[in-house]
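A.B. asks: Structure below; questions to follow.
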Amino acid sequence: MKIGDLVRYGSRFGEIKHQDGAIGTVLDFPVVSHPKEFQKVRVLTENGIQSWIMQFCEVVNEGR
């Protein structure tokens, strides 16, 4: 996964229903401030800029 990739957000455990299946473009990878914090990815979606947990994202189409 890299900046410019099109990604889909999907919770593997079904816990995050409000964003399940959402699609967006990767903008940035914010620096993690704590060792136990999830790695996040900043994504541009139709609802604006959001932070998603990287482990729940899958690449739909790689940016060129």
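In the structure tokens, the first chain shown is A, the next is B, and so on; residue numbers restart at 1 for each chain, and ligands run from 1 in the order shown.
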Residues at most 6 Å from Val26 in chain A, counting only C-alpha atoms, excluding those fewer than 6 positions away in the same chain, as a PyMOL selection string?

C.D. replies: chain A and resi 3-5+43

A.B. asks: Kindly save the residues from that selection, with all heavy atoms included, as a PDB file, in the first residue's frame.

C.D. replies:
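Once everything was written out, this is out_3.pdb:
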```pdb
ATOM      1  N   ILE A   3       0.945   5.792  -1.169  1.00  0.00           N
ATOM      2  CA  ILE A   3       0.176   7.004  -1.442  1.00  0.00           C
ATOM      3  C   ILE A   3      -0.341   6.955  -2.878  1.00  0.00           C
ATOM      4  O   ILE A   3       0.401   6.630  -3.803  1.00  0.00           O
ATOM      5  CB  ILE A   3       1.045   8.257  -1.197  1.00  0.00           C
ATOM      6  CG1 ILE A   3       1.375   8.348   0.289  1.00  0.00           C
ATOM      7  CG2 ILE A   3       0.330   9.516  -1.678  1.00  0.00           C
ATOM      8  CD1 ILE A   3       2.348   9.451   0.642  1.00  0.00           C
ATOM      9  N   GLY A   4      -1.623   7.249  -3.044  1.00  0.00           N
ATOM     10  CA  GLY A   4      -2.256   7.240  -4.362  1.00  0.00           C
ATOM     11  C   GLY A   4      -3.050   5.985  -4.658  1.00  0.00           C
ATOM     12  O   GLY A   4      -3.822   5.955  -5.612  1.00  0.00           O
ATOM     13  N   ASP A   5      -2.874   4.934  -3.854  1.00  0.00           N
ATOM     14  CA  ASP A   5      -3.628   3.695  -4.058  1.00  0.00           C
ATOM     15  C   ASP A   5      -5.095   3.878  -3.685  1.00  0.00           C
ATOM     16  O   ASP A   5      -5.417   4.604  -2.755  1.00  0.00           O
ATOM     17  CB  ASP A   5      -3.058   2.550  -3.218  1.00  0.00           C
ATOM     18  CG  ASP A   5      -1.762   1.984  -3.767  1.00  0.00           C
ATOM     19  OD1 ASP A   5      -1.359   2.386  -4.873  1.00  0.00           O
ATOM     20  OD2 ASP A   5      -1.160   1.142  -3.082  1.00  0.00           O
ATOM     21  N   VAL A  43      -7.097   8.790   4.457  1.00  0.00           N
ATOM     22  CA  VAL A  43      -7.742   8.464   3.183  1.00  0.00           C
ATOM     23  C   VAL A  43      -8.736   9.557   2.794  1.00  0.00           C
ATOM     24  O   VAL A  43      -9.465  10.078   3.639  1.00  0.00           O
ATOM     25  CB  VAL A  43      -8.488   7.101   3.319  1.00  0.00           C
ATOM     26  CG1 VAL A  43      -9.183   6.746   2.029  1.00  0.00           C
ATOM     27  CG2 VAL A  43      -7.539   6.010   3.736  1.00  0.00           C
TER      28      VAL A  43
END
```

A.B. asks: For CA of Ser33 in chain A and CA of Thr45 in chain A, determine how far apart the two atoms are, in Å to one decimal place.

C.D. replies: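 Interatomic distance, CA of Ser33 in chain A to CA of Thr45 in chain A: 24.3 Å.
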
A.B. asks: Just the number, please: distance in Å from CA of Val31 in chain A to CA of Trp52 in chain A, one decimal.

C.D. replies: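 Taking CA of Val31 in chain A and CA of Trp52 in chain A, their separation equals 13.2 Å.
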
A.B. asks: Measure the distance from CA of Val41 in chain A to CA of Gln55 in chain A in Å and round it to one decimal.

C.D. replies: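 Going from CA of Val41 in chain A over to CA of Gln55 in chain A, I get 9.5 Å.
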
A.B. asks: Write out as a list in words each polymer residue whose atoms come within 12 Å of Ser51 in chain A, counting only C-alpha atoms; drop sequence neighbours fewer than 6 positions from it.

C.D. replies: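 Listed by chain and then number, they are Tyr9, Gln19, Gly24, Thr25, Val26, Leu27, Asp28, Phe29, Pro30, Val31, Phe38, Gln39, Lys40, Val41, Arg42, Val43, Leu44, Thr45 and Cys57 of chain A.
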
A.B. asks: So which residues touch Arg8 in chain A within 8 Å, counting only C-alpha atoms, skipping near sequence neighbours fewer than 4 positions away, as an mmCIF file with N, CA, C and O atoms, in the first residue's frame?

C.D. replies:
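Produced file around_28.cif, reproduced below:
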```cif
data_model
loop_
_atom_site.group_PDB
_atom_site.id
_atom_site.type_symbol
_atom_site.label_atom_id
_atom_site.label_comp_id
_atom_site.auth_asym_id
_atom_site.auth_seq_id
_atom_site.Cartn_x
_atom_site.Cartn_y
_atom_site.Cartn_z
ATOM 1 N N GLY A 21 -16.855 -1.313 3.732
ATOM 2 C CA GLY A 21 -17.013 -1.248 2.291
ATOM 3 C C GLY A 21 -16.715 0.113 1.690
ATOM 4 O O GLY A 21 -16.781 0.273 0.482
ATOM 5 N N ALA A 22 -16.377 1.100 2.506
ATOM 6 C CA ALA A 22 -16.061 2.435 1.993
ATOM 7 C C ALA A 22 -14.781 2.380 1.161
ATOM 8 O O ALA A 22 -13.888 1.577 1.417
ATOM 9 N N ILE A 23 -14.690 3.245 0.149
ATOM 10 C CA ILE A 23 -13.538 3.290 -0.746
ATOM 11 C C ILE A 23 -12.950 4.690 -0.715
ATOM 12 O O ILE A 23 -13.673 5.681 -0.666
ATOM 13 N N GLY A 24 -11.613 4.764 -0.761
ATOM 14 C CA GLY A 24 -10.947 6.055 -0.762
ATOM 15 C C GLY A 24 -9.539 5.956 -1.313
ATOM 16 O O GLY A 24 -9.032 4.872 -1.592
ATOM 17 N N CYS A 57 -7.625 -2.343 5.715
ATOM 18 C CA CYS A 57 -7.700 -1.826 4.353
ATOM 19 C C CYS A 57 -7.135 -2.834 3.365
ATOM 20 O O CYS A 57 -6.162 -3.524 3.655
ATOM 21 N N GLU A 58 -7.770 -2.897 2.203
ATOM 22 C CA GLU A 58 -7.221 -3.719 1.120
ATOM 23 C C GLU A 58 -7.116 -2.858 -0.134
ATOM 24 O O GLU A 58 -7.987 -2.015 -0.407
ATOM 25 N N VAL A 59 -6.047 -3.059 -0.891
ATOM 26 C CA VAL A 59 -5.810 -2.278 -2.099
ATOM 27 C C VAL A 59 -6.759 -2.764 -3.191
ATOM 28 O O VAL A 59 -6.835 -3.952 -3.481
ATOM 29 N N VAL A 60 -7.509 -1.821 -3.772
ATOM 30 C CA VAL A 60 -8.425 -2.119 -4.870
ATOM 31 C C VAL A 60 -7.726 -1.890 -6.201
ATOM 32 O O VAL A 60 -7.808 -2.691 -7.110
#
```
